[in-house]
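Q: My structure file model_11.txt, compact mmCIF, C-alpha atoms, is below:
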# COMPACT_ATOMS: atom_id res chain seq x y z
CA LEU G 244 0.75 -28.57 1.11
CA LEU G 245 2.33 -26.01 3.39
CA PRO G 246 4.15 -23.09 1.75
CA ARG G 247 7.86 -23.06 2.53
CA GLY G 248 8.53 -19.37 1.94
CA LYS G 249 11.63 -19.94 -0.17
CA ALA G 250 10.62 -17.58 -3.00
CA ILE G 251 10.08 -13.83 -2.78
CA MET G 252 7.26 -12.32 -4.82
CA GLY G 253 6.23 -8.83 -5.81
CA MET G 254 3.72 -6.96 -7.95
CA ALA G 255 4.88 -4.44 -10.54
CA ILE G 256 2.09 -2.03 -11.43
CA THR G 257 3.11 1.62 -10.98
CA GLU G 258 5.18 3.37 -13.66
CA PRO G 259 7.01 6.71 -13.76
CA ASP G 260 4.09 8.17 -15.76
CA ALA G 261 1.23 5.98 -14.50
CA GLY G 262 0.33 6.03 -10.81
CA SER G 263 -3.31 6.44 -9.82
CA ASP G 264 -4.25 6.19 -13.51
CA VAL G 265 -3.61 2.45 -13.66
CA ALA G 266 -5.22 2.12 -17.09
CA SER G 267 -2.40 4.27 -18.52
CA VAL G 268 0.28 1.68 -17.73
CA SER G 269 2.42 1.39 -20.88
CA THR G 270 4.85 -1.49 -20.27
CA VAL G 271 4.14 -3.70 -23.26
CA ALA G 272 4.17 -7.47 -23.78
CA ARG G 273 4.18 -8.44 -27.45
CA ARG G 274 3.53 -11.95 -28.69
CA VAL G 275 6.40 -13.43 -30.67
CA ASN G 276 5.72 -17.05 -31.60
CA ASP G 277 5.25 -18.91 -28.30
CA SER G 278 6.59 -16.13 -26.07
CA TYR G 279 6.02 -12.60 -24.81
CA LEU G 280 8.70 -9.96 -25.27
CA ILE G 281 8.35 -7.39 -22.49
CA ASN G 282 9.63 -3.81 -22.59
CA GLY G 283 9.05 -0.98 -20.14
CA SER G 284 9.73 0.38 -16.67
CA LYS G 285 8.06 0.21 -13.27
CA ILE G 286 8.73 2.22 -10.12
CA PHE G 287 8.01 2.04 -6.37
CA ILE G 288 7.94 -1.76 -6.58
CA THR G 289 7.95 -3.53 -3.21
CA ASN G 290 10.57 -6.32 -3.15
CA GLY G 291 11.64 -5.13 -6.60
CA SER G 292 15.37 -5.67 -6.08
CA ILE G 293 15.10 -8.92 -4.09
CA ALA G 294 12.13 -10.73 -5.66
CA ASP G 295 12.48 -14.05 -7.43
CA TYR G 296 9.23 -13.46 -9.30
CA LEU G 297 7.21 -10.38 -10.21
CA VAL G 298 3.64 -10.23 -11.48
CA VAL G 299 3.85 -7.40 -14.01
CA LEU G 300 0.89 -5.49 -15.45
CA CYS G 301 1.53 -5.18 -19.19
CA VAL G 302 -0.26 -3.93 -22.28
CA THR G 303 -1.20 -6.96 -24.38
CA GLY G 304 -3.95 -5.34 -26.47
CA GLU G 305 -2.42 -2.22 -28.00
CA GLY G 306 -5.27 -1.89 -30.49
CA GLU G 307 -8.05 -2.27 -27.92
CA LYS G 308 -10.23 0.85 -27.70
CA LEU G 309 -11.30 0.24 -24.10
CA LYS G 310 -8.37 1.09 -21.82
CA SER G 311 -9.72 -1.30 -19.20
CA LYS G 312 -9.31 -4.20 -21.67
CA ARG G 313 -5.73 -3.54 -22.77
CA HIS G 314 -3.78 -5.04 -19.89
CA SER G 315 -2.77 -8.45 -18.62
CA PRO G 316 -0.71 -9.62 -15.61
CA ILE G 317 2.32 -11.68 -16.59
CA LEU G 318 4.62 -13.61 -14.27
CA ILE G 319 8.28 -12.77 -14.81
CA GLU G 320 11.23 -14.59 -13.29
CA THR G 321 13.74 -11.90 -12.32
CA ASN G 322 16.74 -13.98 -13.42
CA ARG G 323 15.72 -13.62 -17.05
CA GLU G 324 17.96 -11.72 -19.44
CA GLY G 325 16.95 -8.09 -19.89
CA PHE G 326 15.61 -7.59 -16.37
CA GLU G 327 17.22 -4.91 -14.21
CA ALA G 328 16.34 -3.59 -10.75
CA ASN G 329 17.66 -0.54 -8.92
CA LYS G 330 16.86 -0.14 -5.23
CA LEU G 331 15.39 3.24 -4.30
CA LYS G 332 17.17 4.84 -1.36
CA ARG G 333 16.60 7.78 0.97
CA LYS G 334 12.87 7.13 1.38
CA LEU G 335 10.94 9.23 3.87
CA GLY G 336 9.66 6.17 5.74
CA MET G 337 9.16 2.39 5.62
CA ARG G 338 12.89 2.08 5.07
CA ALA G 339 13.02 -1.60 6.00
CA SER G 340 10.81 -2.38 3.00
CA ASP G 341 12.71 -2.98 -0.23
CA THR G 342 11.48 -0.58 -2.92
CA ALA G 343 12.90 -0.45 -6.43
CA GLU G 344 12.67 0.76 -9.98
CA VAL G 345 12.62 -2.16 -12.39
CA ASN G 346 13.27 -2.19 -16.12
CA PHE G 347 12.42 -4.72 -18.81
CA SER G 348 14.40 -4.77 -22.05
CA GLU G 349 13.25 -7.51 -24.42
CA VAL G 350 12.56 -9.82 -21.49
CA LYS G 351 11.33 -13.10 -22.96
CA VAL G 352 8.83 -15.27 -21.09
CA PRO G 353 6.59 -18.13 -22.31
CA LEU G 354 2.93 -17.48 -23.08
CA GLU G 355 2.01 -19.78 -20.20
CA ASN G 356 3.25 -17.08 -17.80
CA LEU G 357 0.04 -15.15 -18.43
CA VAL G 358 -1.86 -14.93 -15.13
CA GLY G 359 -5.50 -15.79 -15.77
CA GLU G 360 -7.39 -17.51 -18.52
CA ALA G 361 -7.30 -14.79 -21.19
CA GLU G 362 -5.58 -11.55 -22.12
CA GLY G 363 -7.23 -8.21 -21.38
CA GLU G 364 -8.46 -9.08 -17.89
CA GLY G 365 -5.63 -7.36 -16.01
CA PHE G 366 -7.35 -4.13 -15.02
CA HIS G 367 -10.35 -5.87 -13.50
CA GLN G 368 -8.15 -8.51 -11.86
CA LEU G 369 -6.11 -5.74 -10.28
CA MET G 370 -9.18 -3.96 -8.92
CA THR G 371 -10.18 -7.23 -7.23
CA VAL G 372 -6.70 -7.59 -5.75
CA PHE G 373 -6.86 -4.02 -4.42
CA ASN G 374 -10.03 -4.87 -2.52
CA HIS G 375 -7.94 -7.37 -0.56
CA THR G 376 -4.67 -5.47 -0.19
CA ARG G 377 -6.27 -2.17 0.80
CA VAL G 378 -7.64 -3.79 3.94
CA ALA G 379 -4.13 -4.97 4.86
CA VAL G 380 -2.70 -1.49 4.33
CA ALA G 381 -5.55 0.02 6.35
CA ILE G 382 -4.89 -2.19 9.36
CA SER G 383 -1.19 -1.29 9.19
CA GLY G 384 -2.28 2.31 9.73
CA VAL G 385 -4.23 1.19 12.79
CA GLY G 386 -1.14 -0.61 14.06
CA ILE G 387 1.05 2.47 13.62
CA ALA G 388 -1.51 4.60 15.46
CA GLN G 389 -1.89 2.04 18.27
CA GLY G 390 1.87 1.91 18.76
CA GLY G 391 1.99 5.68 18.96
CA LEU G 392 -0.87 5.84 21.46
CA GLU G 393 0.85 3.36 23.76
CA LYS G 394 4.05 5.41 23.66
CA ALA G 395 2.07 8.59 24.39
CA ILE G 396 0.31 7.03 27.40
CA GLN G 397 3.56 5.76 28.85
CA TYR G 398 5.37 9.05 28.29
CA SER G 399 2.55 11.19 29.70
CA LYS G 400 2.67 9.22 32.95
CA GLN G 401 6.42 9.65 33.28
CA ARG G 402 6.90 13.22 32.10
CA LYS G 403 6.48 15.74 34.92
CA GLN G 404 5.77 19.43 34.45
CA PHE G 405 4.29 22.04 36.81
CA GLY G 406 4.61 19.68 39.74
CA GLY G 407 2.97 16.56 38.32
CA PRO G 408 2.74 14.12 35.41
CA ILE G 409 1.38 15.66 32.23
CA SER G 410 -1.20 12.85 32.13
CA SER G 411 -3.01 14.75 34.89
CA PHE G 412 -3.71 17.67 32.55
CA GLN G 413 -7.10 17.72 30.83
CA GLY G 414 -5.51 18.87 27.58
CA ILE G 415 -3.44 15.67 27.41
CA GLN G 416 -6.36 13.53 28.57
CA PHE G 417 -8.56 14.90 25.79
CA LYS G 418 -5.89 14.07 23.21
CA LEU G 419 -5.54 10.51 24.48
CA ALA G 420 -9.32 10.00 24.54
CA GLU G 421 -9.72 11.23 20.98
CA MET G 422 -6.78 9.17 19.72
CA ALA G 423 -8.07 5.98 21.33
CA SER G 424 -11.56 6.53 19.92
CA LEU G 425 -10.28 7.12 16.39
CA ILE G 426 -8.15 3.98 16.57
CA GLU G 427 -11.05 1.80 17.74
CA ALA G 428 -13.32 3.18 15.02
CA ALA G 429 -10.71 2.49 12.34
CA ARG G 430 -10.02 -0.98 13.72
CA ALA G 431 -13.72 -1.88 13.65
CA LEU G 432 -14.00 -0.64 10.06
CA CYS G 433 -10.98 -2.73 9.06
CA TYR G 434 -12.35 -5.83 10.77
CA LYS G 435 -15.69 -5.46 9.02
CA ALA G 436 -14.02 -4.98 5.63
CA ALA G 437 -11.78 -8.01 6.26
CA TRP G 438 -14.78 -10.12 7.31
CA MET G 439 -16.57 -9.20 4.09
CA VAL G 440 -13.53 -10.16 2.02
CA ASP G 441 -13.11 -13.48 3.85
CA HIS G 442 -16.76 -14.34 3.22
CA GLY G 443 -16.70 -13.48 -0.48
CA ARG G 444 -18.85 -10.38 -0.05
CA ILE G 445 -16.37 -7.75 -1.18
CA ASP G 446 -17.68 -4.19 -0.96
CA PRO G 447 -15.35 -1.70 -2.74
CA LYS G 448 -16.95 1.14 -0.79
CA LEU G 449 -16.17 -0.48 2.54
CA THR G 450 -12.58 -1.44 1.66
CA SER G 451 -11.94 2.11 0.44
CA MET G 452 -13.46 3.52 3.63
CA ALA G 453 -11.15 1.32 5.70
CA LYS G 454 -8.11 2.29 3.62
CA TRP G 455 -8.85 6.02 3.69
CA PHE G 456 -9.74 6.14 7.38
CA GLY G 457 -6.82 3.92 8.40
CA GLY G 458 -4.39 6.35 6.80
CA GLU G 459 -6.26 9.39 8.06
CA ILE G 460 -6.16 8.34 11.70
CA ALA G 461 -2.56 7.11 11.47
CA VAL G 462 -1.33 10.54 10.39
CA LYS G 463 -3.61 12.40 12.83
CA VAL G 464 -2.80 10.24 15.84
CA ILE G 465 0.96 10.23 15.31
CA ASP G 466 0.90 14.00 14.88
CA GLU G 467 -0.63 14.23 18.35
CA VAL G 468 1.87 11.69 19.71
CA VAL G 469 4.72 13.91 18.54
CA GLN G 470 3.00 16.90 20.16
CA ILE G 471 2.62 15.11 23.48
CA HIS G 472 6.32 14.20 23.46
CA GLY G 473 7.27 17.78 22.62
CA GLY G 474 10.90 18.20 21.60
CA TYR G 475 11.67 14.58 22.46
CA GLY G 476 9.17 13.45 19.84
CA TYR G 477 11.33 15.18 17.25
CA LEU G 478 14.37 13.07 18.14
CA GLY G 479 15.19 9.68 16.69
CA GLU G 480 15.90 8.05 20.04
CA TYR G 481 12.22 7.81 20.99
CA GLY G 482 11.08 6.22 17.73
CA ILE G 483 8.21 8.67 17.35
CA GLU G 484 9.62 10.38 14.27
CA ARG G 485 9.83 6.99 12.58
CA LEU G 486 6.13 6.41 13.16
CA TYR G 487 5.49 9.91 11.82
CA ARG G 488 7.36 9.09 8.61
CA ASP G 489 5.83 5.64 8.22
CA ALA G 490 2.24 6.81 8.74
CA LYS G 491 2.22 9.00 5.65
CA LEU G 492 2.70 6.07 3.30
CA VAL G 493 -0.65 4.60 4.36
CA GLU G 494 -2.32 7.60 2.67
CA ILE G 495 -0.46 6.91 -0.60
CA VAL G 496 0.20 3.22 -1.25
CA GLU G 497 -2.46 0.91 -2.79
CA GLY G 498 -4.52 3.94 -3.80
CA THR G 499 -4.15 7.50 -2.55
CA LYS G 500 -6.62 8.91 -0.06
CA GLU G 501 -8.12 10.98 -2.89
CA ILE G 502 -8.71 7.86 -5.00
CA GLU G 503 -10.32 6.11 -2.02
CA LYS G 504 -12.71 9.02 -1.49
CA LEU G 505 -13.55 8.99 -5.19
CA ILE G 506 -14.40 5.28 -5.04
CA ILE G 507 -16.55 5.79 -1.95
CA ALA G 508 -18.47 8.64 -3.59
CA ARG G 509 -19.02 6.72 -6.82
CA GLU G 510 -20.32 3.70 -4.94
CA LEU G 511 -22.67 5.90 -2.91
CA LEU G 512 -23.96 7.62 -6.04
CA GLY G 513 -24.25 4.40 -8.04
CA ARG G 514 -21.85 5.48 -10.78
Would you mind giving the structure from this file in structure tokens?
A:
Amino acid sequence: LLPRGKAIMGMAITEPDAGSDVASVSTVARRVNDSYLINGSKIFITNGSIADYLVVLCVTGEGEKLKSKRHSPILIETNREGFEANKLKRKLGMRASDTAEVNFSEVKVPLENLVGEAEGEGFHQLMTVFNHTRVAVAISGVGIAQGGLEKAIQYSKQRKQFGGPISSFQGIQFKLAEMASLIEAARALCYKAAWMVDHGRIDPKLTSMAKWFGGEIAVKVIDEVVQIHGGYGYLGEYGIERLYRDAKLVEIVEGTKEIEKLIIARELLGR
């Protein structure tokens, strides 16, 4: 069967008081007869105000001592009573992406909406999901950087100073060479991580490397792109400032750059 794309989905993980510390998520789903009653709040949820369905990470084992065994993902239809979404406005970047705060007040869903075979698997399920999504976020950083590089090359050929195009200056040439090299290195890392995922050989170290480096080079490259454009790079008409704003999110979403480095180090040290 081919998907028809008629439903919009989203994942609701992050909370006002639980970001990188995923195990501290406190939205609770309590069993009442043959249903779950869900209460809590989530924030920075992609598609939050337009989604038809959200997969929500909830506490289902309040008495469980191990924090990694307390949570379960539950599918929630957003037309259910008690669900509310408020779109977040005035974001720094990625403004075309719907982002919202969502609230659950006694939202009732059937027990069959549990995602997975048993309760308490949510944390580990989420870590597996991140090993897929982090590669996608990483390659978006490569795309942002590539777009910036192409703009910088074009502009440097057209912009004339001191009697010639600025592309003839070694200082500009060095910047372009470094930018292109960083992009190719990040792209290769993303492709390798994606290949490993596709072949069922997920390596958390590699996916975190791709995610960290993809964000790192996106921010670094676009910073240089702005510099090459000078004052024009600071204006909205050239689209460079948009890339500048968008690049930063790659270092935050789906695990901050600090979390990615922590995962890499732990994997290297066998912890």
Q: Taking into account all atoms listed in the file, which residue in the set G:Thr270, G:Val265, G:Ser451, G:Val462 is nearest to Arg509 of chain G?
A: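 The shortest atom-to-atom distance to Arg509 of chain G comes from G:Ser451.
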Q: Go through G:Gly473, G:Pro246, G:Pro353, G:Gly363 and flag the residue nearest Ser278 of chain G, using all atoms listed in the file for the distances.
A: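 For Ser278 of chain G, the nearest of the given residues is G:Pro353.
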Q: Can you pull out every residue within 8 Å of segment 314-322 of chain G, counting all atoms listed in the file, but drop anything in the same chain fewer than 6 positions away, and send it as a ChimeraX atom specification?
A: /G:266,294-304,352,356-359,362-366
Q: Let's have the selection written as a compact mmCIF listing (two decimals), in the coordinates of the input, with C-alpha atoms.
A:
# COMPACT_ATOMS: atom_id res chain seq x y z
CA ALA G 266 -5.22 2.12 -17.09
CA ALA G 294 12.13 -10.73 -5.66
CA ASP G 295 12.48 -14.05 -7.43
CA TYR G 296 9.23 -13.46 -9.30
CA LEU G 297 7.21 -10.38 -10.21
CA VAL G 298 3.64 -10.23 -11.48
CA VAL G 299 3.85 -7.40 -14.01
CA LEU G 300 0.89 -5.49 -15.45
CA CYS G 301 1.53 -5.18 -19.19
CA VAL G 302 -0.26 -3.93 -22.28
CA THR G 303 -1.20 -6.96 -24.38
CA GLY G 304 -3.95 -5.34 -26.47
CA VAL G 352 8.83 -15.27 -21.09
CA ASN G 356 3.25 -17.08 -17.80
CA LEU G 357 0.04 -15.15 -18.43
CA VAL G 358 -1.86 -14.93 -15.13
CA GLY G 359 -5.50 -15.79 -15.77
CA GLU G 362 -5.58 -11.55 -22.12
CA GLY G 363 -7.23 -8.21 -21.38
CA GLU G 364 -8.46 -9.08 -17.89
CA GLY G 365 -5.63 -7.36 -16.01
CA PHE G 366 -7.35 -4.13 -15.02
Q: When you look at segment 339-350 of chain G with a cut-off of 6 Å (counting all atoms listed in the file), what residues show up, excluding the ones that are within fewer than 4 positions of it in the same chain? I need them as a PyMOL selection string.
A: chain G and resi 280-292+325-331
Q: Go ahead and write the selection's residues with C-alpha atoms as a PDB file, in the coordinates of the input.
A:
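Writing the result to selection.pdb gives the following:
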ATOM      1  CA  LEU G 280       8.700  -9.960 -25.270  1.00  0.00           C
ATOM      2  CA  ILE G 281       8.350  -7.390 -22.490  1.00  0.00           C
ATOM      3  CA  ASN G 282       9.630  -3.810 -22.590  1.00  0.00           C
ATOM      4  CA  GLY G 283       9.050  -0.980 -20.140  1.00  0.00           C
ATOM      5  CA  SER G 284       9.730   0.380 -16.670  1.00  0.00           C
ATOM      6  CA  LYS G 285       8.060   0.210 -13.270  1.00  0.00           C
ATOM      7  CA  ILE G 286       8.730   2.220 -10.120  1.00  0.00           C
ATOM      8  CA  PHE G 287       8.010   2.040  -6.370  1.00  0.00           C
ATOM      9  CA  ILE G 288       7.940  -1.760  -6.580  1.00  0.00           C
ATOM     10  CA  THR G 289       7.950  -3.530  -3.210  1.00  0.00           C
ATOM     11  CA  ASN G 290      10.570  -6.320  -3.150  1.00  0.00           C
ATOM     12  CA  GLY G 291      11.640  -5.130  -6.600  1.00  0.00           C
ATOM     13  CA  SER G 292      15.370  -5.670  -6.080  1.00  0.00           C
ATOM     14  CA  GLY G 325      16.950  -8.090 -19.890  1.00  0.00           C
ATOM     15  CA  PHE G 326      15.610  -7.590 -16.370  1.00  0.00           C
ATOM     16  CA  GLU G 327      17.220  -4.910 -14.210  1.00  0.00           C
ATOM     17  CA  ALA G 328      16.340  -3.590 -10.750  1.00  0.00           C
ATOM     18  CA  ASN G 329      17.660  -0.540  -8.920  1.00  0.00           C
ATOM     19  CA  LYS G 330      16.860  -0.140  -5.230  1.00  0.00           C
ATOM     20  CA  LEU G 331      15.390   3.240  -4.300  1.00  0.00           C
TER      21      LEU G 331
END
Q: Find the residues near segment 479-495 of chain G: any atom within 9 Å, counting only C-alpha atoms, skip ones fewer than 5 places away on the same chain, and give them as a PyMOL selection string.
A: chain G and resi 335-338+380-381+383-384+387-388+390-391+394+454-459+461-462+465-466+468-469+472+500-501
Q: Quick check, in Å to one decimal: how far apart do atom CA of Val385 of chain G and atom CA of Ile460 of chain G lie?
A: 7.5 Å
Q: If you measure from atom CA of Gln416 of chain G to atom CA of Ser399 of chain G, what distance in Å do you get, rounded to one decimal?
A: 9.3 Å
Q: Which residue, G:Ile415, G:Gln368, G:Tyr434, G:Lys308, has the smallest gap to Gln470 of chain G when you use only C-alpha atoms?
A: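 Result for the nearest residue to Gln470 of chain G: G:Ile415.
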Q: Draw an axis-aligned box tight on the listed atoms of segment 356-363 of chain G, then pad every side by 5 Å and write out centre and edge lengths in Å to one decimal as AutoDock Vina command-line options.
A:
--center_x -2.1 --center_y -12.9 --center_z -18.6 --size_x 20.6 --size_y 19.3 --size_z 17.0
Q: Can you work out which one of G:Lys463, G:His367, G:Arg402, G:Lys448 has the shortest atom-to-atom distance to Tyr475 of chain G, counting only C-alpha atoms?
A: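 Residue with the minimum atom-to-atom distance to Tyr475 of chain G: G:Arg402.
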Q: What does the structure give for the distance between atom CA of Val464 of chain G and atom CA of Ala428 of chain G, in Å to one decimal?
A: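 Separation of atom CA of Val464 of chain G and atom CA of Ala428 of chain G: 12.7 Å.
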Q: In terms of the shortest atom-to-atom distance over all atoms listed in the file, which of G:Gly253, G:Gly474, G:Pro447, G:Gly248 is closest to Met370 of chain G?
A: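 Selected residue with least distance to Met370 of chain G: G:Pro447.
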Q: Could you check the closest approach to His375 of chain G for each of G:Glu393, G:Glu497, G:Asp264, G:Glu360 and tell me which residue wins, using only C-alpha atoms?
A: G:Glu497
Q: Env of segment 407-410 of chain G: 12 Å cut, atoms = all atoms listed in the file, seq-sep filter 2 positions within chain, self excluded. Answer as number ranges by chain.
A: G: 395-405, 412-420, 471-473
